[in-house]
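Read the structure below first, then the notes.
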Amino acid sequence: MPHQLQTGQELYQFIDRLYPICRSITGNGVRDTLAIISEHIPIIIHEVPSGTKAFDWDIPLEWNIKDAWVKNEKGEKIIDFKNSNLHILNYSIPVDKQVSLEELKEHLFTLKEHPDWIPYRTSYHHQKWGFCMAYNQFKKLKDETYHVKIDSTLEPGSMTYGEYFIQGKTDDEVLISTHICHPSLCNDNLSGIAVAASLAEELSKMDLKYSYRFLFIPGTIGAIAWLSRNEAITHRIKHGLVLNLLGDKGSFTYKKSRQGNAEIDKIVELVLAERKADFRLIDYYPYGYDERQFCSPGFNLPVGRLSRTPHGEFPEYHTSADNMNLISPEKLSESVSLIKTIFSVIESNAVYKSLNPKCEPQLGKRGLYEPIGGEKETKDFQMALLWVLNFSDGKHSLLQIAEKSELPFHVIQEAAKALEKADLLMK
Amino acid sequence: MPHQLQTGQELYQFIDRLYPICRSITGNGVRDTLAIISEHIPIIIHEVPSGTKAFDWDIPLEWNIKDAWVKNEKGEKIIDFKNSNLHILNYSIPVDKQVSLEELKEHLFTLKEHPDWIPYRTSYHHQKWGFCMAYNQFKKLKDETYHVKIDSTLEPGSMTYGEYFIQGKTDDEVLISTHICHPSLCNDNLSGIAVAASLAEELSKMDLKYSYRFLFIPGTIGAIAWLSRNEAITHRIKHGLVLNLLGDKGSFTYKKSRQGNAEIDKIVELVLAERKADFRLIDYYPYGYDERQFCSPGFNLPVGRLSRTPHGEFPEYHTSADNMNLISPEKLSESVSLIKTIFSVIESNAVYKSLNPKCEPQLGKRGLYEPIGGEKETKDFQMALLWVLNFSDGKHSLLQIAEKSELPFHVIQEAAKALEKADLLMK
Amino acid sequence: MPHQLQTGQELYQFIDRLYPICRSITGNGVRDTLAIISEHIPIIIHEVPSGTKAFDWDIPLEWNIKDAWVKNEKGEKIIDFKNSNLHILNYSIPVDKQVSLEELKEHLFTLKEHPDWIPYRTSYHHQKWGFCMAYNQFKKLKDETYHVKIDSTLEPGSMTYGEYFIQGKTDDEVLISTHICHPSLCNDNLSGIAVAASLAEELSKMDLKYSYRFLFIPGTIGAIAWLSRNEAITHRIKHGLVLNLLGDKGSFTYKKSRQGNAEIDKIVELVLAERKADFRLIDYYPYGYDERQFCSPGFNLPVGRLSRTPHGEFPEYHTSADNMNLISPEKLSESVSLIKTIFSVIESNAVYKSLNPKCEPQLGKRGLYEPIGGEKETKDFQMALLWVLNFSDGKHSLLQIAEKSELPFHVIQEAAKALEKADLLMK
């Protein structure tokens, strides 16, 4: 049994193990990644055969790669997959031939703005080959003949994803989804994988009202495949979060569900606001990660997305600079902690009904009120008692009462517990 | 027959008479206060016996007090109820004993921030005794034996409140409630009592559409008792105001009803806005005065609260500094005047229907329009005619038309009258 | 066949021809104006006899004028209708008499703030006579006897208006209404007449989904007459614009329909916002131009008003300074262009339904998506494809999707076309 996944340092080391693996939307990189996750949580591994229909899509051929390089006339490897798996255009078909510089250039991808970084590029759905490299190195290429070799296979096989389900008291589900298809990129998305695994490990030990379903899936095709295989149970999903980009030092960004005012949207907003730190709320838009599929109009699930700095807004995004230096144990730990708070609000939010709706009940005789009247200050807890009593009319949830009262949710929650204990409140 | 209660000076003198009385939630102080109000308006006095159930509450024992003091070893009265009735912890049980300084201190209440002021403290529901005093005097207490004497009674009796009902053309009611349970405190709430009495006196001479019910009641328990005895008629209450803290020089503050968008909420907002002076609107929260009971979820009546500076927001609140210097005839008079305007809007607001909804009627031939066209300026009244005609579609009240048009309510009201007279409008 | 009405210069010359004509709400000035419009578009001329009932109104007597002047004792014409038809109080009854200065002054209208300008004044519904003149000239009037002569007729006749109807694929109508009752005033409203005529000329050559109805009518009484004669077909009006004041250099002002959130209101707001130039949106109020009649509560049609600087907000309004210098070919042309864009949005706005609502369809295999993934930039068109797919749930129109996405409407529209062509979308 390995170390746990609870401290920031533990998450960081876990990411360090996963970092070198060359992942893609199919292939052994995904399997190796899921095997390491399995050391911590007993995920079920699904294999979906190539060619399987998933709504408008087909599961693609399986891609695997052993090696890839470009040699100059002297036989020196000027690009070498072994140095960084970002060097390969992800899903490149096999190739082994001599090419002129001119022809080679048609297959090279660089990033002029950051001339020392290798960009990350993919070609899942068009059979191509290519290499990515630093622009500074690209500039030095001489006009000679190159030997390009990509030792990859693109063959019938399967797409692999992992699923971990924790049964709660009810069948109502919270969905947590994170993408596992990116190669050596730390924030995008080993951070999301580590945070999700940590949460799964923690929740598995708890007594829960909701059931929790964790998906470790290839982006887009993985979500589409899962939805097509599980359409019948999507109605159980009451709240959901797509998790990614959770290790950098940026403040949190929450992208609302397509519904826009789902309970998960309100909960995340409240929890972020109570932290008293900067955060951003973004309205739903149909681009980004797998919330695109969960929130497609035929599903329209209450699924939002939680990240730190969103994709495309940090320069290291989709480059070799998204490495172990971009993320930190502290930020990973902070992300886990925030999401735990979100789950605790999900678990405890409820609509209560006051059993004493006509006038206030006498709190004093129940030991719930200060004995000496006339003072100016009234404590949060005592105010929370009054808020919960006044708005527990069967229409307002604790969350809504917390919003209205501007009192911390946990104080509202404690007040509800005390009032329930005093037989003044009923779920 | 005493003087009337119409000018600010008359209200101020009325308060001056009530100021010395030691009131509480029960007892002769309340009876004496109601007797003086009765000199102006024929209120009905209700006596509710101790022990009577009122929802979750019981009417408490009746408290009366004749005298109270603390003597030092020399026999000097170092605290004397006769100097200020705030010296006594309101509802103190009788006591007559020698105590050490240490023991005495457990029963003393002071206010360090305002060392020359006596705080006001109560203990209605826990049988205690105590004294309140200026901190500067408290500091000088010597370590000696003190004789404490409280000549009070806490015995079965009754709780007293006053009610005054003015029958209007309809049984729909406007409720005005003010608390009468505070001892020598002017703004809180002799100001509210005086303003309510003045309004009652004035309305009793008028021809009214609504019936008006004035309650002069002990805070909390009085409202709860009234509601428990009158539950069957609360559906008649269409608008309500809790009045208090109306004599200080602060600007007006209106706390909305729990409904938040009741007609009374809109009316008070409009009237305050039309004054062109500062004011504050506060959303409902379940703390404060008797709106807590009227707006408890089992009643949820359209009752707001009108004050000047709210409780707890002026330093003199609940201290001996809430005296005749804190309030002024001018501010009392201004408060009465504002509420009269509110009542006039309540009385005249109505939904009309244009009898000529297709295109504009020709106002010119009815003498309602300027003969020479082409000028830039159009007077408020002529605009009001058009607004009332265009929006009297059976869905918009005059109040809503005033809000939309940003024209003064009285101009909208005059336009409606003129159009009704010209047979262009019907209620 | 005259020149077309398409360039700003052509509109300006058209206005120049109409400028000298003395128009009013009835009479030959209107007929002459409509005759010139008829040279461009085959409008139908309606004559409504004096005395005809139109809801609460009667069609007035017809007014015509040949000449008018005021002569001093020397026989000099100190006011001469032939110099400017604004000199006459519009609808003045005939008069021919000697008057003292004192009596004359009761019939004179001036504008002290702009002492060199002649104001425009009317008296349609009260039989009066009068003259308008520059204040500087008025000041010089000597105390002598004047000969006033107004060679006008006010007799049974008819009120004239023009109507032009373009049948589209459906009977759903777009109404465009402009007033033709003002004499020599360019912005108010020869600009509106010219812009409407230009639009009518252009639309008549196009293949249209909606039918378009252009009204060239006297203000107020014309709209009332048209509505009273066409009440049965007003339900066909799905969108409408009252056009006027469209030649000055001010930014655009749109006054919303009484409904406030009609499709036309949203469309004009979107089109104005996309221009990236200043504009103003005004909520409906029951004063102004013929939107007052179209939006009277018995009709409440989705008709807004588009102007540049609104009436009364530019100093030249209703004075002799509203002349050919106040308007420009550029601004007229810009107005036409804006309204054409509005019409194109009206024509193409629709609610679609995605034929592939569960997850995203695979755009790549249909050639609708970039082959190389991983890049930061995603083009507007590709984003538009995703927006249209995600929100084409049968509830969101293209207009609403454009608003939500903040993408230009034409890009959204192109995306919808492409998706419809790819069988991914259905109306």
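How things are named: the first chain in the structure tokens is A, the next is B, and so on; residues count from 1 in each chain; ligands count from 1 in the order shown.
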
**Report entry** chain C contacts on chain B, only C-alpha atoms, 12 Å, as a VMD selection string
**Finding:** chain B and resid 353 to 367 369 to 380 382 to 396 401 to 402 404 to 407 424

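Since chain B and chain A share the same sequence, their Cα atoms can be paired directly; the RMSD after superposition is 0.1 Å.
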
Query - Residue neighbourhood C:Ile45, 12 Å, only C-alpha atoms, exclusion window fewer than 6 positions, as a list in words - result: Val30, Arg31, Asp32, Thr33, Leu34, Ala35, Ile36, Ile37, Ser38, Ser158, Met159, Thr160, Tyr161, Gly162, Glu163, Tyr164, Phe165, Phe214, Leu215, Phe216 and Ile217 of chain C

Print the selection's residues with N, CA, C and O atoms to a file, as a PDB file, in the first residue's frame.
ATOM      1  N   VAL C  30     -49.587  67.624 -48.341  1.00  0.00           N
ATOM      2  CA  VAL C  30     -49.407  66.181 -48.170  1.00  0.00           C
ATOM      3  C   VAL C  30     -49.518  65.476 -49.523  1.00  0.00           C
ATOM      4  O   VAL C  30     -48.710  64.610 -49.861  1.00  0.00           O
ATOM      5  N   ARG C  31     -50.514  65.899 -50.302  1.00  0.00           N
ATOM      6  CA  ARG C  31     -50.699  65.256 -51.625  1.00  0.00           C
ATOM      7  C   ARG C  31     -49.484  65.459 -52.515  1.00  0.00           C
ATOM      8  O   ARG C  31     -49.008  64.528 -53.175  1.00  0.00           O
ATOM      9  N   ASP C  32     -48.932  66.670 -52.513  1.00  0.00           N
ATOM     10  CA  ASP C  32     -47.747  66.941 -53.344  1.00  0.00           C
ATOM     11  C   ASP C  32     -46.567  66.087 -52.893  1.00  0.00           C
ATOM     12  O   ASP C  32     -45.786  65.586 -53.715  1.00  0.00           O
ATOM     13  N   THR C  33     -46.444  65.947 -51.591  1.00  0.00           N
ATOM     14  CA  THR C  33     -45.340  65.148 -51.024  1.00  0.00           C
ATOM     15  C   THR C  33     -45.474  63.694 -51.453  1.00  0.00           C
ATOM     16  O   THR C  33     -44.509  63.061 -51.905  1.00  0.00           O
ATOM     17  N   LEU C  34     -46.680  63.153 -51.290  1.00  0.00           N
ATOM     18  CA  LEU C  34     -46.897  61.746 -51.651  1.00  0.00           C
ATOM     19  C   LEU C  34     -46.675  61.528 -53.146  1.00  0.00           C
ATOM     20  O   LEU C  34     -46.193  60.469 -53.572  1.00  0.00           O
ATOM     21  N   ALA C  35     -47.011  62.542 -53.940  1.00  0.00           N
ATOM     22  CA  ALA C  35     -46.812  62.416 -55.392  1.00  0.00           C
ATOM     23  C   ALA C  35     -45.330  62.259 -55.714  1.00  0.00           C
ATOM     24  O   ALA C  35     -44.941  61.456 -56.571  1.00  0.00           O
ATOM     25  N   ILE C  36     -44.497  62.997 -55.009  1.00  0.00           N
ATOM     26  CA  ILE C  36     -43.051  62.895 -55.256  1.00  0.00           C
ATOM     27  C   ILE C  36     -42.525  61.539 -54.790  1.00  0.00           C
ATOM     28  O   ILE C  36     -41.697  60.908 -55.454  1.00  0.00           O
ATOM     29  N   ILE C  37     -43.027  61.071 -53.650  1.00  0.00           N
ATOM     30  CA  ILE C  37     -42.623  59.730 -53.182  1.00  0.00           C
ATOM     31  C   ILE C  37     -43.037  58.671 -54.213  1.00  0.00           C
ATOM     32  O   ILE C  37     -42.294  57.731 -54.499  1.00  0.00           O
ATOM     33  N   SER C  38     -44.216  58.867 -54.788  1.00  0.00           N
ATOM     34  CA  SER C  38     -44.753  57.920 -55.785  1.00  0.00           C
ATOM     35  C   SER C  38     -43.855  57.778 -57.014  1.00  0.00           C
ATOM     36  O   SER C  38     -43.954  56.795 -57.744  1.00  0.00           O
ATOM     37  N   SER C 158     -60.606  66.033 -47.150  1.00  0.00           N
ATOM     38  CA  SER C 158     -60.164  64.729 -46.661  1.00  0.00           C
ATOM     39  C   SER C 158     -58.753  64.815 -46.105  1.00  0.00           C
ATOM     40  O   SER C 158     -58.044  65.800 -46.317  1.00  0.00           O
ATOM     41  N   MET C 159     -58.398  63.770 -45.384  1.00  0.00           N
ATOM     42  CA  MET C 159     -57.021  63.601 -44.902  1.00  0.00           C
ATOM     43  C   MET C 159     -56.377  62.549 -45.801  1.00  0.00           C
ATOM     44  O   MET C 159     -56.983  61.526 -46.100  1.00  0.00           O
ATOM     45  N   THR C 160     -55.147  62.817 -46.200  1.00  0.00           N
ATOM     46  CA  THR C 160     -54.471  61.976 -47.173  1.00  0.00           C
ATOM     47  C   THR C 160     -53.301  61.239 -46.522  1.00  0.00           C
ATOM     48  O   THR C 160     -52.574  61.829 -45.723  1.00  0.00           O
ATOM     49  N   TYR C 161     -53.155  59.966 -46.846  1.00  0.00           N
ATOM     50  CA  TYR C 161     -51.921  59.290 -46.430  1.00  0.00           C
ATOM     51  C   TYR C 161     -51.517  58.265 -47.477  1.00  0.00           C
ATOM     52  O   TYR C 161     -52.313  57.882 -48.333  1.00  0.00           O
ATOM     53  N   GLY C 162     -50.259  57.836 -47.394  1.00  0.00           N
ATOM     54  CA  GLY C 162     -49.743  56.890 -48.374  1.00  0.00           C
ATOM     55  C   GLY C 162     -49.383  55.571 -47.715  1.00  0.00           C
ATOM     56  O   GLY C 162     -48.965  55.533 -46.546  1.00  0.00           O
ATOM     57  N   GLU C 163     -49.542  54.490 -48.456  1.00  0.00           N
ATOM     58  CA  GLU C 163     -49.267  53.166 -47.906  1.00  0.00           C
ATOM     59  C   GLU C 163     -48.604  52.339 -49.000  1.00  0.00           C
ATOM     60  O   GLU C 163     -49.003  52.389 -50.165  1.00  0.00           O
ATOM     61  N   TYR C 164     -47.583  51.581 -48.592  1.00  0.00           N
ATOM     62  CA  TYR C 164     -46.893  50.752 -49.572  1.00  0.00           C
ATOM     63  C   TYR C 164     -46.663  49.399 -48.941  1.00  0.00           C
ATOM     64  O   TYR C 164     -46.045  49.289 -47.883  1.00  0.00           O
ATOM     65  N   PHE C 165     -47.168  48.369 -49.563  1.00  0.00           N
ATOM     66  CA  PHE C 165     -47.119  47.034 -48.982  1.00  0.00           C
ATOM     67  C   PHE C 165     -46.310  46.105 -49.879  1.00  0.00           C
ATOM     68  O   PHE C 165     -46.543  46.029 -51.084  1.00  0.00           O
ATOM     69  N   PHE C 214     -45.199  50.003 -45.373  1.00  0.00           N
ATOM     70  CA  PHE C 214     -44.693  51.359 -45.128  1.00  0.00           C
ATOM     71  C   PHE C 214     -45.874  52.321 -45.062  1.00  0.00           C
ATOM     72  O   PHE C 214     -46.709  52.348 -45.969  1.00  0.00           O
ATOM     73  N   LEU C 215     -45.925  53.107 -43.999  1.00  0.00           N
ATOM     74  CA  LEU C 215     -46.960  54.129 -43.869  1.00  0.00           C
ATOM     75  C   LEU C 215     -46.319  55.511 -43.904  1.00  0.00           C
ATOM     76  O   LEU C 215     -45.396  55.794 -43.133  1.00  0.00           O
ATOM     77  N   PHE C 216     -46.849  56.347 -44.805  1.00  0.00           N
ATOM     78  CA  PHE C 216     -46.446  57.756 -44.854  1.00  0.00           C
ATOM     79  C   PHE C 216     -47.675  58.538 -44.412  1.00  0.00           C
ATOM     80  O   PHE C 216     -48.599  58.754 -45.214  1.00  0.00           O
ATOM     81  N   ILE C 217     -47.726  58.902 -43.141  1.00  0.00           N
ATOM     82  CA  ILE C 217     -48.985  59.381 -42.556  1.00  0.00           C
ATOM     83  C   ILE C 217     -48.809  60.659 -41.758  1.00  0.00           C
ATOM     84  O   ILE C 217     -47.751  60.924 -41.188  1.00  0.00           O
TER      85      ILE C 217
END

Requested in this report: Give me every strand (DSSP E or B) residue in stretch 125-340 of chain A, going by DSSP on the backbone, as a ChimeraX atom specification.
Outcome: /A:131-132,145-155,158-166,173-179,211-217,237-243,252-255,279-282,303-307,319

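Straight-line separation from atom CA of B:Thr234 to atom CA of B:Ser24: 26.3 Å.
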
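Computed from the coordinates, the atom CA of C:Thr309 to atom CA of C:Gly27 distance equals 28.9 Å.
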
Query raised in the report: Pick from C:Ile339, C:Val268, C:Leu368, C:Leu301: nearest to C:Leu399, with only C-alpha atoms counted?
Result: C:Val268

Skipping near chain neighbours, those fewer than 4 positions away, what residues fall within 8 Å of stretch 191-201 of chain B using only C-alpha atoms, listed as an mmCIF file with N, CA, C and O atoms, in the first residue's frame?
data_model
loop_
_atom_site.group_PDB
_atom_site.id
_atom_site.type_symbol
_atom_site.label_atom_id
_atom_site.label_comp_id
_atom_site.auth_asym_id
_atom_site.auth_seq_id
_atom_site.Cartn_x
_atom_site.Cartn_y
_atom_site.Cartn_z
ATOM 1 N N LEU B 5 -52.685 66.455 19.514
ATOM 2 C CA LEU B 5 -51.352 65.887 19.254
ATOM 3 C C LEU B 5 -50.980 66.123 17.792
ATOM 4 O O LEU B 5 -50.785 65.176 17.042
ATOM 5 N N GLN B 6 -50.959 67.384 17.374
ATOM 6 C CA GLN B 6 -50.688 67.613 15.953
ATOM 7 C C GLN B 6 -49.347 68.297 15.695
ATOM 8 O O GLN B 6 -48.595 67.871 14.830
ATOM 9 N N LEU B 11 -46.400 67.036 20.420
ATOM 10 C CA LEU B 11 -45.878 65.677 20.576
ATOM 11 C C LEU B 11 -44.748 65.641 21.597
ATOM 12 O O LEU B 11 -44.650 64.730 22.413
ATOM 13 N N PHE B 14 -46.101 65.843 25.051
ATOM 14 C CA PHE B 14 -46.743 64.564 25.361
ATOM 15 C C PHE B 14 -45.675 63.555 25.813
ATOM 16 O O PHE B 14 -45.834 62.850 26.819
ATOM 17 N N ILE B 15 -44.577 63.522 25.103
ATOM 18 C CA ILE B 15 -43.471 62.621 25.466
ATOM 19 C C ILE B 15 -42.902 63.008 26.831
ATOM 20 O O ILE B 15 -42.590 62.139 27.656
ATOM 21 N N ILE B 37 -52.400 58.095 26.931
ATOM 22 C CA ILE B 37 -52.786 58.023 25.506
ATOM 23 C C ILE B 37 -54.300 58.133 25.371
ATOM 24 O O ILE B 37 -54.821 58.803 24.466
ATOM 25 N N HIS B 40 -56.269 61.178 24.587
ATOM 26 C CA HIS B 40 -56.301 61.703 23.214
ATOM 27 C C HIS B 40 -57.125 60.843 22.269
ATOM 28 O O HIS B 40 -57.823 61.369 21.407
ATOM 29 N N ILE B 41 -56.993 59.549 22.409
ATOM 30 C CA ILE B 41 -57.735 58.650 21.512
ATOM 31 C C ILE B 41 -58.349 57.529 22.349
ATOM 32 O O ILE B 41 -57.733 57.044 23.295
ATOM 33 N N TYR B 164 -56.623 50.495 19.147
ATOM 34 C CA TYR B 164 -57.563 51.515 18.670
ATOM 35 C C TYR B 164 -57.878 51.207 17.217
ATOM 36 O O TYR B 164 -56.982 51.129 16.380
ATOM 37 N N ILE B 176 -50.912 49.513 12.408
ATOM 38 C CA ILE B 176 -49.799 50.328 12.904
ATOM 39 C C ILE B 176 -49.496 49.830 14.311
ATOM 40 O O ILE B 176 -50.373 49.817 15.170
ATOM 41 N N SER B 177 -48.264 49.435 14.510
ATOM 42 C CA SER B 177 -47.906 48.841 15.787
ATOM 43 C C SER B 177 -46.687 49.542 16.365
ATOM 44 O O SER B 177 -45.735 49.852 15.641
ATOM 45 N N THR B 178 -46.716 49.790 17.667
ATOM 46 C CA THR B 178 -45.583 50.467 18.301
ATOM 47 C C THR B 178 -45.400 49.903 19.703
ATOM 48 O O THR B 178 -46.372 49.518 20.349
ATOM 49 N N HIS B 179 -44.152 49.810 20.150
ATOM 50 C CA HIS B 179 -43.917 49.154 21.449
ATOM 51 C C HIS B 179 -43.910 50.159 22.593
ATOM 52 O O HIS B 179 -43.414 51.273 22.465
ATOM 53 N N ILE B 180 -44.472 49.715 23.730
ATOM 54 C CA ILE B 180 -44.697 50.611 24.874
ATOM 55 C C ILE B 180 -44.022 50.086 26.134
ATOM 56 O O ILE B 180 -44.393 50.471 27.241
ATOM 57 N N CYS B 186 -36.512 58.039 25.385
ATOM 58 C CA CYS B 186 -37.396 58.925 24.612
ATOM 59 C C CYS B 186 -37.568 58.481 23.167
ATOM 60 O O CYS B 186 -38.671 58.375 22.664
ATOM 61 N N ASN B 187 -36.428 58.279 22.519
ATOM 62 C CA ASN B 187 -36.551 57.923 21.111
ATOM 63 C C ASN B 187 -37.098 56.509 21.002
ATOM 64 O O ASN B 187 -37.897 56.225 20.114
ATOM 65 N N LYS B 205 -60.610 61.516 12.286
ATOM 66 C CA LYS B 205 -61.487 62.586 11.771
ATOM 67 C C LYS B 205 -61.701 62.452 10.265
ATOM 68 O O LYS B 205 -62.417 63.255 9.662
ATOM 69 N N PHE B 214 -54.510 50.494 15.357
ATOM 70 C CA PHE B 214 -53.303 50.915 16.073
ATOM 71 C C PHE B 214 -53.097 50.021 17.287
ATOM 72 O O PHE B 214 -54.008 49.852 18.086
ATOM 73 N N PHE B 216 -50.762 49.512 20.674
ATOM 74 C CA PHE B 216 -49.757 50.023 21.625
ATOM 75 C C PHE B 216 -49.436 48.850 22.535
ATOM 76 O O PHE B 216 -50.200 48.548 23.457
ATOM 77 N N LEU B 243 -43.798 51.125 13.954
ATOM 78 C CA LEU B 243 -43.219 52.467 14.092
ATOM 79 C C LEU B 243 -42.365 52.554 15.343
ATOM 80 O O LEU B 243 -42.816 52.182 16.433
ATOM 81 N N ASN B 244 -41.144 53.050 15.201
ATOM 82 C CA ASN B 244 -40.358 53.373 16.385
ATOM 83 C C ASN B 244 -39.147 54.214 16.022
ATOM 84 O O ASN B 244 -38.841 54.383 14.841
ATOM 85 N N LEU B 245 -38.520 54.776 17.019
ATOM 86 C CA LEU B 245 -37.296 55.573 16.831
ATOM 87 C C LEU B 245 -37.530 56.676 15.805
ATOM 88 O O LEU B 245 -36.837 56.769 14.800
ATOM 89 N N LEU B 246 -38.516 57.502 16.075
ATOM 90 C CA LEU B 246 -38.937 58.491 15.075
ATOM 91 C C LEU B 246 -38.698 59.930 15.506
ATOM 92 O O LEU B 246 -39.213 60.849 14.877
ATOM 93 N N GLY B 247 -37.915 60.139 16.578
ATOM 94 C CA GLY B 247 -37.719 61.499 17.064
ATOM 95 C C GLY B 247 -36.307 62.042 16.916
ATOM 96 O O GLY B 247 -36.081 63.236 17.074
ATOM 97 N N ILE B 327 -34.328 63.889 21.046
ATOM 98 C CA ILE B 327 -35.448 64.044 20.109
ATOM 99 C C ILE B 327 -35.819 65.517 19.995
ATOM 100 O O ILE B 327 -35.410 66.330 20.822
ATOM 101 N N LEU B 332 -40.127 64.939 15.138
ATOM 102 C CA LEU B 332 -41.375 64.218 15.419
ATOM 103 C C LEU B 332 -42.434 64.619 14.393
ATOM 104 O O LEU B 332 -43.147 63.786 13.826
ATOM 105 N N SER B 335 -41.803 63.209 10.995
ATOM 106 C CA SER B 335 -42.159 61.786 10.943
ATOM 107 C C SER B 335 -43.656 61.616 10.731
ATOM 108 O O SER B 335 -44.101 60.797 9.917
ATOM 109 N N VAL B 336 -44.446 62.394 11.477
ATOM 110 C CA VAL B 336 -45.906 62.312 11.322
ATOM 111 C C VAL B 336 -46.287 62.657 9.891
ATOM 112 O O VAL B 336 -47.086 61.969 9.249
ATOM 113 N N LYS B 340 -48.258 60.361 7.135
ATOM 114 C CA LYS B 340 -49.539 60.812 6.545
ATOM 115 C C LYS B 340 -49.490 60.690 5.022
ATOM 116 O O LYS B 340 -50.468 60.304 4.380
#

Report task. Pick out the residues sitting within 8 Å of stretch 68-71 of chain C, and hand them over as a PyMOL selection string; count only C-alpha atoms, and ignore anything fewer than 2 positions along from it in its own chain. Result -> chain C and resi 65-66+73-82+88+146-152

Report task. Could you find all residues in stretch 137-310 of chain C that DSSP calls helix (DSSP H, G or I) from the backbone, and write them as a ChimeraX atom specification? Result -> /C:137-139,186-203,221-229,231-236,263-274,291-294

If we count only C-alpha atoms and set the cut-off at 12 Å, which residues sit around C:Gln167, ignoring sequence neighbours fewer than 6 positions away in its own chain? Please answer as a compact mmCIF listing (two decimals) with N, CA, C and O atoms, in the first residue's frame.
# COMPACT_ATOMS: atom_id res chain seq x y z
N GLU C 173 -46.01 40.63 -40.68
CA GLU C 173 -45.62 41.94 -41.21
C GLU C 173 -44.60 42.66 -40.36
O GLU C 173 -44.59 42.56 -39.13
N VAL C 174 -43.79 43.45 -41.06
CA VAL C 174 -42.96 44.46 -40.41
C VAL C 174 -43.56 45.81 -40.81
O VAL C 174 -43.74 46.08 -42.00
N ALA C 200 -37.96 51.20 -48.71
CA ALA C 200 -39.06 50.57 -49.45
C ALA C 200 -38.59 50.21 -50.86
O ALA C 200 -38.84 49.11 -51.37
N LEU C 203 -36.20 47.17 -50.50
CA LEU C 203 -36.86 45.91 -50.12
C LEU C 203 -37.71 45.36 -51.26
O LEU C 203 -37.88 44.14 -51.38
N SER C 204 -38.26 46.28 -52.07
CA SER C 204 -39.16 45.83 -53.14
C SER C 204 -38.44 44.92 -54.14
O SER C 204 -39.07 44.19 -54.89
N LYS C 205 -37.11 44.99 -54.14
CA LYS C 205 -36.33 44.16 -55.08
C LYS C 205 -35.88 42.85 -54.46
O LYS C 205 -35.22 42.04 -55.11
N MET C 206 -36.18 42.67 -53.17
CA MET C 206 -35.61 41.52 -52.46
C MET C 206 -36.63 40.40 -52.26
O MET C 206 -37.83 40.60 -52.35
N ASP C 207 -36.06 39.23 -51.96
CA ASP C 207 -36.84 38.05 -51.64
C ASP C 207 -36.99 38.00 -50.13
O ASP C 207 -35.99 37.84 -49.42
N LEU C 208 -38.19 38.19 -49.62
CA LEU C 208 -38.35 38.44 -48.19
C LEU C 208 -39.21 37.38 -47.51
O LEU C 208 -40.17 36.89 -48.08
N LYS C 209 -38.86 37.08 -46.28
CA LYS C 209 -39.67 36.17 -45.46
C LYS C 209 -40.89 36.92 -44.94
O LYS C 209 -42.01 36.44 -45.02
N TYR C 210 -40.67 38.11 -44.41
CA TYR C 210 -41.77 38.93 -43.89
C TYR C 210 -42.36 39.79 -44.99
O TYR C 210 -41.68 40.13 -45.96
N SER C 211 -43.61 40.18 -44.80
CA SER C 211 -44.18 41.26 -45.59
C SER C 211 -43.85 42.58 -44.91
O SER C 211 -43.73 42.63 -43.69
N TYR C 212 -43.68 43.62 -45.71
CA TYR C 212 -43.31 44.93 -45.16
C TYR C 212 -44.38 45.95 -45.53
O TYR C 212 -44.78 46.04 -46.70
N ARG C 213 -44.82 46.73 -44.55
CA ARG C 213 -45.83 47.75 -44.80
C ARG C 213 -45.26 49.11 -44.40
O ARG C 213 -44.85 49.31 -43.25
N PHE C 214 -45.20 50.00 -45.37
CA PHE C 214 -44.69 51.36 -45.13
C PHE C 214 -45.87 52.32 -45.06
O PHE C 214 -46.71 52.35 -45.97

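Of note, atom CA of B:Thr145 and atom CA of B:Ser100 are spaced 4.7 Å apart.
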